[in-house]
$ cat structure-v2.cif   # mmCIF, C-alpha atoms
data_target
#
loop_
_atom_site.label_atom_id
_atom_site.label_comp_id
_atom_site.auth_asym_id
_atom_site.auth_seq_id
_atom_site.Cartn_x
_atom_site.Cartn_y
_atom_site.Cartn_z
CA ASN S 1 40.15 117.97 65.96
CA LEU S 2 38.64 121.25 67.16
CA CYS S 3 39.28 121.95 70.80
CA GLY S 4 35.87 122.70 72.10
CA HIS S 5 32.28 122.53 71.03
CA ARG S 6 29.29 120.66 72.32
CA GLY S 7 27.92 118.38 69.62
CA LEU S 8 29.74 119.79 66.59
CA VAL S 9 28.09 119.42 63.20
CA ARG S 10 30.12 119.04 60.05
CA LEU S 11 28.71 121.01 57.12
CA ASP S 12 31.01 120.07 54.29
CA ASN S 13 33.95 117.92 53.31
CA HIS S 14 37.70 118.18 52.95
CA PRO S 15 39.14 118.05 49.41
CA ASN S 16 41.19 114.95 50.21
CA PRO S 17 38.78 112.54 51.93
CA ASN S 18 41.02 109.52 51.54
CA LYS S 19 43.80 111.19 53.49
CA PHE S 20 41.66 112.70 56.22
CA GLY S 21 38.82 110.18 56.38
CA HIS S 22 35.96 112.54 55.51
CA ASP S 23 32.74 111.71 53.70
CA ARG S 24 32.90 113.20 50.22
CA ARG S 25 29.14 113.79 49.82
CA LYS S 26 28.20 117.44 49.51
CA ASN S 27 26.04 119.14 52.15
CA THR S 28 26.05 116.09 54.43
CA ILE S 29 25.31 116.86 58.07
CA LEU S 30 27.53 114.70 60.22
CA GLN S 31 27.31 114.66 64.01
CA ARG S 32 30.52 115.08 65.95
CA PRO S 33 31.24 113.69 69.42
CA THR S 34 30.41 115.89 72.38
CA LEU S 35 33.54 117.77 73.39
CA ASN S 36 34.54 119.94 76.31
CA PHE S 37 34.30 123.61 75.31
CA GLU S 38 36.84 124.75 77.92
CA HIS S 39 40.35 125.83 77.02
CA ASN S 40 42.78 128.01 78.93
CA ALA S 41 46.37 129.08 78.57
CA ALA S 42 47.60 126.44 80.99
CA MET S 43 46.19 123.77 78.70
CA THR S 44 47.93 124.87 75.50
CA GLU S 45 51.02 122.75 76.04
CA GLY S 46 50.54 119.55 74.09
CA PHE S 47 47.77 120.95 71.86
CA ASP S 48 48.48 120.65 68.15
CA LYS S 49 47.82 123.47 65.70
CA SER S 50 44.34 122.21 64.86
CA CYS S 51 43.13 123.70 68.14
CA TYR S 52 43.77 127.14 66.67
CA ARG S 53 42.56 126.29 63.15
CA LEU S 54 38.81 126.85 63.53
CA ARG S 55 36.03 126.85 60.95
CA TRP S 56 32.72 127.98 62.45
CA ALA S 57 29.34 128.84 60.95
CA VAL S 58 26.08 130.16 62.41
CA ASN S 59 22.78 130.14 60.51
CA SER S 60 21.35 133.57 61.39
CA SER S 61 18.10 132.99 59.50
CA ARG S 62 16.98 130.45 62.10
CA TRP S 63 17.40 132.86 65.00
CA GLU S 64 14.51 135.13 66.04
CA PRO S 65 15.50 136.65 69.41
CA GLU S 66 13.07 138.24 71.81
CA GLU S 67 13.93 141.66 73.24
CA MET S 68 15.46 140.38 76.52
CA GLU S 69 17.71 137.90 74.72
CA TRP S 70 18.79 140.55 72.23
CA ARG S 71 19.64 143.03 74.98
CA PHE S 72 21.60 140.42 76.91
CA LEU S 73 23.72 139.43 73.92
CA LEU S 74 24.28 143.03 72.89
CA GLY S 75 25.43 143.72 76.43
CA LEU S 76 28.25 141.19 76.02
CA LEU S 77 29.97 143.62 73.66
CA PRO S 78 31.93 146.80 74.41
CA GLU S 79 30.05 150.04 73.83
CA ASP S 80 31.72 150.84 70.51
CA GLU S 81 30.80 147.44 69.09
CA ARG S 82 27.21 147.76 70.32
CA THR S 83 26.98 151.07 68.51
CA ALA S 84 28.39 149.51 65.34
CA VAL S 85 25.75 146.74 65.43
CA LEU S 86 22.85 149.15 65.93
CA ARG S 87 24.11 151.39 63.13
CA PHE S 88 22.69 148.93 60.60
CA LYS S 89 19.22 149.90 59.38
CA PHE S 90 17.71 146.46 58.85
CA VAL S 91 17.11 143.86 61.56
CA ASP S 92 18.70 141.01 59.58
CA ASP S 93 21.87 143.06 59.14
CA GLN S 94 21.95 143.82 62.86
CA LYS S 95 21.60 140.12 63.64
CA ARG S 96 24.48 139.18 61.36
CA ALA S 97 26.65 141.97 62.77
CA LEU S 98 25.98 140.88 66.35
CA ILE S 99 26.66 137.22 65.61
CA SER S 100 29.89 138.16 63.82
CA ARG S 101 31.20 140.06 66.84
CA LEU S 102 30.20 137.32 69.26
CA LEU S 103 31.88 134.73 67.02
CA GLN S 104 35.11 136.70 67.04
CA ARG S 105 35.25 136.97 70.81
CA ARG S 106 34.27 133.35 71.37
CA CYS S 107 36.97 132.28 68.93
CA CYS S 108 39.63 134.23 70.83
CA GLU S 109 38.33 132.92 74.15
CA VAL S 110 38.34 129.29 73.05
CA ALA S 111 41.49 129.22 70.91
CA MET S 112 43.74 131.46 73.00
CA GLY S 113 42.40 130.67 76.48
CA MET S 114 41.58 134.30 77.23
CA SER S 115 38.75 135.51 79.42
CA TRP S 116 35.94 137.29 77.59
CA ASP S 117 36.43 140.65 79.28
CA GLU S 118 40.17 140.85 78.56
CA ILE S 119 39.79 140.39 74.79
CA THR S 120 40.60 143.54 72.80
CA ILE S 121 39.64 143.52 69.14
CA LYS S 122 40.80 146.23 66.76
CA ARG S 123 40.70 146.75 63.00
CA THR S 124 43.34 147.64 60.46
CA LYS S 125 42.99 150.64 58.16
CA GLY S 126 41.55 148.16 55.64
CA ARG S 127 38.95 147.11 58.27
CA LYS S 128 40.44 143.66 58.95
CA PRO S 129 39.61 142.64 62.56
CA PHE S 130 42.34 141.21 64.78
CA LEU S 131 43.08 140.28 68.39
CA ALA S 132 45.12 143.26 69.58
CA ASN S 133 46.32 141.85 72.90
CA LEU S 134 47.41 138.47 71.58
CA THR S 135 49.09 136.20 74.11
CA HIS S 136 51.66 134.20 72.21
CA VAL S 137 51.92 130.44 72.42
CA PRO S 138 54.49 128.38 70.49
CA GLU S 139 51.86 126.52 68.48
CA ALA S 140 50.13 129.73 67.34
CA PRO S 141 52.77 132.47 66.94
CA ASN S 142 50.65 134.43 64.43
CA PHE S 143 47.12 133.60 65.55
CA ASN S 144 44.59 135.47 63.44
CA TYR S 145 41.05 135.07 62.19
CA ASN S 146 38.59 136.47 59.69
CA VAL S 147 34.80 136.66 59.43
CA SER S 148 32.18 137.04 56.74
CA HIS S 149 28.40 137.14 56.55
CA GLU S 150 25.94 137.03 53.70
CA GLY S 151 22.55 135.43 53.20
CA ASN S 152 21.79 132.89 55.92
CA TYR S 153 25.29 132.40 57.30
CA VAL S 154 27.89 134.12 59.43
CA VAL S 155 31.24 132.30 59.13
CA LEU S 156 34.67 132.44 60.77
CA ALA S 157 38.07 130.94 60.02
CA SER S 158 41.20 131.15 62.19
CA GLU S 159 44.79 130.07 61.68
CA PRO S 160 47.77 129.67 64.02
CA VAL S 161 50.60 130.67 61.65
CA ALA S 162 49.44 131.59 58.15
CA VAL S 163 47.31 134.67 57.63
CA CYS S 164 43.73 133.82 56.65
CA GLY S 165 40.76 135.36 54.91
CA ILE S 166 37.20 134.11 54.47
CA ASP S 167 34.20 135.07 52.36
CA CYS S 168 30.65 133.75 52.19
CA ALA S 169 28.70 134.11 48.92
CA ALA S 170 24.94 133.63 49.09
CA PRO S 171 22.56 133.04 46.17
CA GLN S 172 20.96 136.09 44.61
CA GLN S 173 17.52 135.51 46.09
CA LEU S 174 18.97 135.93 49.60
CA ARG S 175 20.71 139.22 48.83
CA LYS S 176 19.31 142.69 48.44
CA GLY S 177 18.86 144.01 44.95
CA LYS S 178 17.39 142.86 41.66
CA GLU S 179 18.27 139.37 40.45
CA MET S 180 20.37 139.20 37.28
CA ASP S 181 20.99 136.43 34.79
CA ILE S 182 24.58 135.46 34.03
CA HIS S 183 24.81 137.71 30.95
CA LYS S 184 23.80 140.76 32.97
CA ILE S 185 26.23 139.70 35.72
CA LYS S 186 29.03 139.54 33.16
CA GLU S 187 28.12 142.97 31.85
CA VAL S 188 28.13 144.54 35.32
CA PHE S 189 31.24 142.79 36.69
CA SER S 190 33.26 142.36 33.49
CA ARG S 191 36.25 144.36 34.74
CA ASN S 192 36.63 142.34 37.94
CA PHE S 193 37.50 139.04 36.22
CA THR S 194 40.08 137.87 33.73
CA ASP S 195 39.27 136.30 30.37
CA LEU S 196 40.22 132.87 31.74
CA GLU S 197 37.86 133.28 34.70
CA TRP S 198 34.97 134.33 32.44
CA ARG S 199 35.59 131.32 30.20
CA THR S 200 35.46 129.08 33.26
CA ILE S 201 32.27 130.74 34.52
CA MET S 202 30.44 130.72 31.19
CA GLY S 203 31.51 127.15 30.51
CA ALA S 204 30.59 125.82 33.96
CA GLY S 205 27.33 124.27 32.79
CA PRO S 206 24.37 124.57 30.45
CA ASP S 207 22.03 126.45 32.80
CA ASN S 208 22.09 129.95 34.27
CA GLN S 209 22.12 128.73 37.91
CA THR S 210 25.29 126.70 37.47
CA LYS S 211 27.07 129.60 35.82
CA GLU S 212 25.89 131.98 38.53
CA ASP S 213 27.11 129.62 41.24
CA CYS S 214 30.52 129.40 39.55
CA PHE S 215 30.62 133.21 39.39
CA ARG S 216 29.95 133.38 43.14
CA CYS S 217 32.77 130.91 43.82
CA HIS S 218 35.21 133.11 41.92
CA TRP S 219 33.94 136.24 43.65
CA SER S 220 34.24 134.57 47.04
CA LEU S 221 37.84 133.52 46.32
CA LYS S 222 38.82 137.05 45.35
CA GLU S 223 37.25 138.47 48.49
CA ALA S 224 38.94 135.86 50.70
CA PHE S 225 42.31 136.76 49.17
CA THR S 226 41.98 140.51 49.67
CA LYS S 227 40.53 140.05 53.16
CA ALA S 228 43.44 137.81 54.16
CA ARG S 229 45.92 140.43 52.95
CA GLY S 230 43.92 143.28 54.45
CA ASP S 231 43.70 145.39 51.29
CA GLY S 232 40.01 146.09 51.57
CA ILE S 233 38.63 147.72 48.41
CA ALA S 234 42.04 149.10 47.41
CA PHE S 235 43.04 145.91 45.55
CA GLU S 236 41.82 145.69 41.93
CA LEU S 237 40.09 142.32 41.71
CA ASN S 238 41.08 141.65 38.10
CA ARG S 239 44.72 141.50 39.21
CA CYS S 240 44.10 138.15 40.89
CA GLU S 241 43.13 135.21 38.67
CA PHE S 242 41.89 131.98 40.20
CA ILE S 243 42.31 128.51 38.77
CA MET S 244 40.03 125.88 40.27
CA ASN S 245 40.88 122.19 40.46
CA GLN S 246 37.81 121.54 38.29
CA PRO S 247 35.48 123.91 36.43
CA TRP S 248 32.56 123.32 38.77
CA GLU S 249 32.06 121.86 42.24
CA ALA S 250 35.63 122.96 42.93
CA GLU S 251 37.19 122.13 46.29
CA TYR S 252 40.44 124.04 46.08
CA ALA S 253 42.03 126.73 43.94
CA THR S 254 45.30 128.51 43.19
CA VAL S 255 45.86 132.16 42.33
CA ASN S 256 47.96 134.23 39.94
CA VAL S 257 48.54 137.92 40.68
CA ASP S 258 49.43 140.08 37.70
CA GLY S 259 49.99 136.84 35.81
CA VAL S 260 52.47 135.43 38.34
CA PRO S 261 51.56 132.20 40.21
CA GLN S 262 51.41 132.71 43.98
CA ASP S 263 52.74 129.39 45.24
CA ASN S 264 52.72 130.62 48.84
CA TRP S 265 48.91 130.87 48.88
CA SER S 266 46.26 128.15 49.05
CA PHE S 267 42.46 128.27 48.90
CA SER S 268 39.71 125.86 49.84
CA LEU S 269 36.05 126.05 48.85
CA HIS S 270 33.22 124.79 51.04
CA LYS S 271 29.61 124.35 50.00
CA LEU S 272 27.15 124.96 52.82
CA SER S 273 23.40 124.48 52.67
CA ASP S 274 21.04 126.64 50.61
CA GLN S 275 23.63 127.18 47.86
CA HIS S 276 26.05 129.18 50.03
CA TRP S 277 29.70 128.98 49.03
CA VAL S 278 32.54 129.81 51.42
CA SER S 279 36.15 130.36 50.43
CA VAL S 280 39.09 130.29 52.86
CA GLY S 281 42.48 131.63 51.83
CA ARG S 282 45.80 131.08 53.60
CA GLY S 283 49.09 132.82 52.90
CA PRO S 284 52.33 134.20 54.36
CA PRO S 285 52.14 136.87 57.10
CA CYS S 286 54.66 138.99 55.17
CA ASP S 287 51.97 139.66 52.51
CA VAL S 288 49.72 141.49 54.97
CA ILE S 289 48.84 145.09 54.11
CA ASP S 290 48.75 146.96 57.42
CA ALA S 291 49.27 150.71 57.19
CA ASN S 292 49.30 151.27 60.94
CA GLY S 293 51.40 148.20 61.76
CA GLU S 294 49.25 147.13 64.72
CA PHE S 295 47.99 143.86 63.23
CA SER S 296 51.34 142.74 61.84
CA GLY S 297 52.85 143.77 65.16
CA THR S 298 50.97 140.95 66.87
CA PHE S 299 52.91 138.32 64.89
CA SER S 300 55.78 136.73 66.77
CA LYS S 301 56.88 134.87 63.62
CA PRO S 302 56.20 137.17 60.65
CA ASP S 303 58.89 135.68 58.42
CA LEU S 304 58.39 132.03 57.55
CA SER S 305 60.80 129.78 55.70
CA PRO S 306 59.59 128.11 52.47
CA GLU S 307 59.28 124.85 54.42
CA GLU S 308 57.23 126.48 57.18
CA ILE S 309 54.75 128.18 54.86
CA ALA S 310 54.42 124.97 52.82
CA GLU S 311 53.53 123.09 56.01
CA GLU S 312 50.77 125.58 56.78
CA LEU S 313 49.38 125.61 53.23
CA HIS S 314 49.21 121.81 53.10
CA ALA S 315 47.58 121.49 56.51
CA PRO S 316 43.96 120.34 56.13
CA SER S 317 41.35 123.09 56.07
CA PRO S 318 38.79 121.67 58.53
CA CYS S 319 35.14 121.16 57.80
CA PHE S 320 32.83 123.88 59.05
CA SER S 321 31.07 123.30 62.35
CA LEU S 322 27.55 124.61 62.85
CA LEU S 323 27.24 126.58 66.10
CA THR S 324 24.16 127.76 67.95
CA ILE S 325 23.76 131.19 69.53
CA ALA S 326 24.33 129.58 72.95
CA ASP S 327 27.76 128.42 71.76
CA LEU S 328 28.75 132.08 71.35
CA VAL S 329 28.03 132.92 74.99
CA PRO S 330 30.80 132.67 77.62
CA PRO S 331 30.14 129.55 79.75
CA SER S 332 30.01 131.68 82.90
CA ARG S 333 27.08 133.66 81.43
CA LEU S 334 24.97 130.78 80.09
CA GLU S 335 22.53 130.81 83.01
CA GLU S 336 21.89 134.52 82.42
CA PHE S 337 21.46 133.84 78.73
CA GLU S 338 18.87 131.16 79.44
CA ALA S 339 17.07 133.44 81.90
CA SER S 340 16.83 136.08 79.17
CA GLY S 341 14.96 133.62 76.99
CA GLY S 342 17.88 132.18 75.08
CA ASP S 343 17.88 128.55 73.98
CA VAL S 344 20.79 126.58 75.50
CA ILE S 345 19.85 123.18 74.04
#

$ encode --input "structure-v2.cif" --output "structure tokens"
Amino acid sequence: NLCGHRGLVRLDNHPNPNKFGHDRRKNTILQRPTLNFEHNAAMTEGFDKSCYRLRWAVNSSRWEPEEMEWRFLLGLLPEDERTAVLRFKFVDDQKRALISRLLQRRCCEVAMGMSWDEITIKRTKGRKPFLANLTHVPEAPNFNYNVSHEGNYVVLASEPVAVCGIDCAAPQQLRKGKEMDIHKIKEVFSRNFTDLEWRTIMGAGPDNQTKEDCFRCHWSLKEAFTKARGDGIAFELNRCEFIMNQPWEAEYATVNVDGVPQDNWSFSLHKLSDQHWVSVGRGPPCDVIDANGEFSGTFSKPDLSPEEIAEELHAPSPCFSLLTIADLVPPSRLEEFEASGGDVI
């Protein structure tokens, strides 16, 4: 149900497989039919909202570009974004930053039918990226997206109406810094979680790994929530308390803020390979924190009725599709990409 990707791969499974016909097995790689990756504004009539509800992932650890390929891909970005990528000290961080920016532009190109060069991406005061020159279509009046990268993966989620946030949490061995057992984790991060959340984490299983994985799920949910709203680091994480549908191997969650249930928010959890967890949050556009008003100004339908927001929250959160670097390149530039040494297969 995604409009556009050659040979999509499904990385995880929807929480209601009986309704949507998905395989419930975790970490199963399922081939998708070959689809046409073209989409333009003239084609939007008749598309349903799933064309704008994307879930994409790129495994950056498998990509080792040569200098010509790197220069070509970097050249696809505006100068300010190139500078931002090269500002990172470590090569792996530069790779993730480049993939993230290419993902964003490819998402806008595919979902909104825009040409690559006309896409203008800005950030809110809280550093939330958004499509600044959004062309409105009836099916996607509030089109927005969010990105995250950690460990092996760079991930993206987009939504046509609800505001969305995404966060990827990698296992400790793939992150910088000294590894900690769950007791040290609790000591360091005690103020960021409620008593209920710590009980859930510490009771997730008998071994340290299971508890640590449950901790990362909670952390990912909190980050997805604040990134959807656009708070950045200003929001105190212990104000939001997440309740999972089961203590471990959760597939969806709800949230309380300051003890009050937030019925106009929904969250899905997705387990990718190598113990990466991804959380996607969806909520009402009116909850966005946007000091400058530019992001919220792109919404043509900022105020949703209870029925409208319920429809968006109950819409299926698609499985993640594994993309290659070639999938991030505009089709008109693929020959140049291949000539630079890039792999188009």

$ resolve_selection --input "structure-v2.cif" --expression "the PyMOL selection byres ((chain S and resi 277) around 12)" --output "ChimeraX atom specification"
/S:11-12,26-27,57,148-155,166-171,212-221,224,249-251,268-276,278-280,320

$ closest_residue --input "structure-v2.cif" --among "S:Val329, S:Cys164, S:Leu73, S:Val110" --to "Ser317 of chain S" --atoms "only C-alpha atoms"
S:Cys164

$ resolve_selection --input "structure-v2.cif" --expression "the PyMOL selection byres ((chain S and resi 327) around 10)" --output "NGL selection string"
:S and (4-6 or 37 or 58 or 102-103 or 106 or 322-326 or 328-331 or 334 or 344-345)

$ atom_distance --input "structure-v2.cif" --atom1 "atom CA of Met180 of chain S" --atom2 "atom CA of Met202 of chain S"
14.5 Å

$ resolve_selection --input "structure-v2.cif" --expression "the PyMOL selection byres ((chain S and resi 120-133) around 10)" --output "PyMOL selection string"
chain S and resi 78+81+101+104-105+108+112+114+116-119+134-136+143-147+165+226-234+289-298

$ atom_distance --input "structure-v2.cif" --atom1 "atom CA of His183 of chain S" --atom2 "atom CA of Asp93 of chain S"
28.8 Å

$ atom_distance --input "structure-v2.cif" --atom1 "atom CA of Asn238 of chain S" --atom2 "atom CA of Lys184 of chain S"
18.0 Å

$ closest_residue --input "structure-v2.cif" --among "S:Ala162, S:Arg199, S:Phe242, S:Asn192" --to "His314 of chain S" --atoms "only C-alpha atoms"
S:Ala162

$ residues_around --input "structure-v2.cif" --residues "Tyr52 of chain S" --least-positions-apart "6" --cutoff "7 Å" --atoms "all atoms listed in the file" --output "list of chain:residue names"
S:Ala111, S:Ala140, S:Ser158, S:Glu159, S:Pro160

$ residues_around --input "structure-v2.cif" --residues "Leu54 of chain S" --least-positions-apart "6" --cutoff "8 Å" --atoms "only C-alpha atoms" --output "ChimeraX atom specification"
/S:2,107,156-159,318
